[in-house]
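Read through the structure below, which is laid out as structure tokens, and then see the notes.
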Amino acid sequence: MTPWDPSQYLRFSGQRLRPAVDLLNRIDVEDPVEVYDLGAGAGNVTQLLRTRWPNARITGIDESAEMLAKAAVAAPAITWERADLATWRPPRPADVIYSNAALHWLGDHDRVFPALLSGLKPGGVLAVQLPRNFGAPSHTLITDAVRNGPWREKLEPLLRPNPVAEPSFYFDLLSSRTAALDIWEIEYLQVLQGVDPVKEWVKGSWLVPLLAALDEPDRGRFEARYAARRGQLLISLDRLN
């Protein structure tokens with residue numbers, strides 16, 4: 001797995017938190033016993049779960065050792081577990097499985113979502129947020145930068161098709177498997193600060209595997225090529241919940 005840089009990811013922690021908090025506020029569970037944060041990253045959202053449910057057993061799961069190390073330092077009272085998100089299942093039936101901006105890294109949603117539902121207690125909640133940004137300039141210009149440089153042969157195989165389906169796909173997949181289903185989509189427009197802020201935002205997520213595949217000086221040149229195409233201060237975040 002490509003190493004993640006927690007400090008880069010957390011540069012825009014406030015803006016990244018907003019959709020996560022909105023999802024958390026929609027969960028109507030009073031006194032859960034078992035709560036799992038799937039794709040916990042550096043643990044900043046997991047800590048909000050603990051604040052919301054202080055008496056629950058909170059477990060944060062992620063694939064990145066670097067992210068989990070950061071999380072464990074910040075919140076040693078929470079249980080942290082390194083696991084493959086594609087195959088992870090709760091060791092104990094869950095009251096809440098929460099996942100913010102993580103499952104879009106996986107394929108096979110038609111398999112993953114039903115499997116997670118099967119890990120819930122009766123009355124349990126699966127709360128998932130999926131970025132649907134692939135049509136936004138912040139993402140389409142990644143493809144443009146990849147295909148217009150000497151690194152094309154190396155980087156083009158790393159480009160991913162849009163991993164998140166239309167909302168109707170998830171309705172058809174989940175409606176017969178749930179007692180109640182709520183699906184909504186929100187577009188967040190975030191004003192970012194700093195030098196090349198959109199590039200720095202994406203550098204903490206979608207650019208990670210591309211930059212890791214390059215050595216200098218190509219890494220710096222590719223980063224500059226993307227920044228030259230995307231110098232704005234506004235990023236559009238489309239979120240499917």
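The way I read the labels, and the way they are meant: chains A, B, ... in the order of the structure tokens, residue 1 as the first residue of every chain, and ligand 1 as the first ligand shown, with later ones counted on from there.
The shell of residues at most 12 Å from Leu23 of chain A, with only C-alpha atoms counted and near chain neighbours (fewer than 3 positions) removed, consists of Leu17, Arg18, Pro19, Ala20, Arg26, Ile27, Asp28, Val45, Leu48, Leu49, Tyr98, Ser99, Asn100, Ala101, Val125, Leu126, Ala127, Val128, Gln129, Leu130, Asp182, Ile183, Trp184, Glu185, Ile186, Arg239, Leu240 and Asn241 of chain A.
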Alpha helix (DSSP H) call set, DSSP backbone run, segment 4-234 of chain A, as an NGL selection string: :A and (6-9 or 13-25 or 44-52 or 65-74 or 109-117 or 137-147 or 152-155 or 167-174 or 197-203 or 208-212 or 218-229)
Which of A:Gly124, A:Pro157, A:Gly194, A:Pro90 sits closest to Leu210 of chain A [using only C-alpha atoms]: A:Pro157
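Distances here use only C-alpha atoms; by that measure, the residue among A:Trp201, A:Ala224, A:Asp215, A:Thr178 closest to Arg16 of chain A is A:Trp201.
A straight line drawn from atom CA of Pro131 of chain A to atom CA of Leu181 of chain A is 18.8 Å long.
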9 Å contact set for Val112 of chain A, only C-alpha atoms, chain neighbours under 4 positions out, as a PyMOL selection string: chain A and resi 86-87+103+106-108+116-117
Leu68 of chain A: which residues within 7 Å, counting only C-alpha atoms, same-chain residues fewer than 6 positions away excluded, as an mmCIF file with N, CA and C atoms, in the first residue's frame?
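The result, written out as around-v7.cif:
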```cif
data_model
loop_
_atom_site.group_PDB
_atom_site.id
_atom_site.type_symbol
_atom_site.label_atom_id
_atom_site.label_comp_id
_atom_site.auth_asym_id
_atom_site.auth_seq_id
_atom_site.Cartn_x
_atom_site.Cartn_y
_atom_site.Cartn_z
ATOM 1 N N GLY A 41 -8.398 6.764 9.190
ATOM 2 C CA GLY A 41 -7.313 7.689 8.894
ATOM 3 C C GLY A 41 -6.565 8.101 10.144
ATOM 4 N N ALA A 42 -6.340 9.407 10.292
ATOM 5 C CA ALA A 42 -5.604 9.930 11.441
ATOM 6 C C ALA A 42 -6.458 10.042 12.693
ATOM 7 N N ASP A 62 -8.164 1.209 9.798
ATOM 8 C CA ASP A 62 -7.584 1.805 8.605
ATOM 9 C C ASP A 62 -6.511 0.878 8.053
ATOM 10 N N TRP A 80 -7.399 1.010 18.031
ATOM 11 C CA TRP A 80 -7.032 1.210 16.628
ATOM 12 C C TRP A 80 -6.625 -0.121 16.015
#
```
Selected residue of minimal separation from Leu207 of chain A among A:Arg57, A:His139, A:Arg221, A:His109, counting only C-alpha atoms: A:His139
Separation of atom CA of Ala145 of chain A from atom CA of Val195 of chain A in Å: 18.9 Å
Residue with smallest distance to Pro161 of chain A - pool A:Pro54, A:Ala179, A:Arg132, A:Asn148, counting only C-alpha atoms: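 That would be A:Arg132, the residue with the smallest distance to Pro161 of chain A.
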Enumerate as a PDB file with C-alpha atoms, in the first residue's frame all residues of segment 52-145 of chain A assigned to strand (DSSP E) by DSSP on the backbone, naming them with the chain letters and numbers the document uses.
```
ATOM      1  CA  ARG A  57     -16.492   0.832  22.627  1.00  0.00           C
ATOM      2  CA  ILE A  58     -15.049   2.821  19.713  1.00  0.00           C
ATOM      3  CA  THR A  59     -12.743   1.112  17.210  1.00  0.00           C
ATOM      4  CA  GLY A  60     -10.992   2.908  14.366  1.00  0.00           C
ATOM      5  CA  ILE A  61      -9.939   0.773  11.393  1.00  0.00           C
ATOM      6  CA  ASP A  62      -7.584   1.805   8.605  1.00  0.00           C
ATOM      7  CA  THR A  79      -8.884   0.995  19.944  1.00  0.00           C
ATOM      8  CA  TRP A  80      -7.032   1.210  16.628  1.00  0.00           C
ATOM      9  CA  GLU A  81      -6.891  -1.677  14.177  1.00  0.00           C
ATOM     10  CA  ARG A  82      -5.005  -2.064  10.917  1.00  0.00           C
ATOM     11  CA  ALA A  94     -22.109  -3.453  15.522  1.00  0.00           C
ATOM     12  CA  ASP A  95     -24.550  -0.816  16.653  1.00  0.00           C
ATOM     13  CA  VAL A  96     -22.927   1.686  14.279  1.00  0.00           C
ATOM     14  CA  ILE A  97     -20.538   1.248  11.364  1.00  0.00           C
ATOM     15  CA  TYR A  98     -19.472   4.702  10.236  1.00  0.00           C
ATOM     16  CA  SER A  99     -17.329   5.456   7.195  1.00  0.00           C
ATOM     17  CA  ASN A 100     -16.429   8.901   5.905  1.00  0.00           C
ATOM     18  CA  LEU A 120     -24.938  -4.954  12.243  1.00  0.00           C
ATOM     19  CA  LYS A 121     -27.073  -5.779  15.253  1.00  0.00           C
ATOM     20  CA  PRO A 122     -30.835  -5.612  14.728  1.00  0.00           C
ATOM     21  CA  GLY A 123     -31.582  -1.903  14.606  1.00  0.00           C
ATOM     22  CA  GLY A 124     -27.938  -1.060  13.869  1.00  0.00           C
ATOM     23  CA  VAL A 125     -26.891   1.721  11.507  1.00  0.00           C
ATOM     24  CA  LEU A 126     -24.499   1.741   8.561  1.00  0.00           C
ATOM     25  CA  ALA A 127     -23.597   5.391   7.852  1.00  0.00           C
ATOM     26  CA  VAL A 128     -21.405   5.926   4.789  1.00  0.00           C
ATOM     27  CA  GLN A 129     -20.275   8.980   2.888  1.00  0.00           C
ATOM     28  CA  LEU A 130     -18.794   8.623  -0.599  1.00  0.00           C
ATOM     29  CA  PRO A 131     -17.056  11.430  -2.514  1.00  0.00           C
TER      30      PRO A 131
END
```
Interatomic distance (Å, one decimal) between atom CA of Leu189 of chain A and atom CA of Leu159 of chain A: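 Distance between the two atoms: 24.6 Å.
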Contacts of Ala228 of chain A at 12 Å (only C-alpha atoms; same-chain gap of 5+ positions) as an NGL selection string: :A and (138 or 141-142 or 144-145 or 195-199 or 221-223)
Nearest candidate to Asp31 of chain A (options A:Ala56, A:Val146, A:Arg177, A:Ala115; using only C-alpha atoms):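 Of A:Ala56, A:Val146, A:Arg177, A:Ala115, the one nearest Asp31 of chain A, counting only C-alpha atoms, is A:Ala56.
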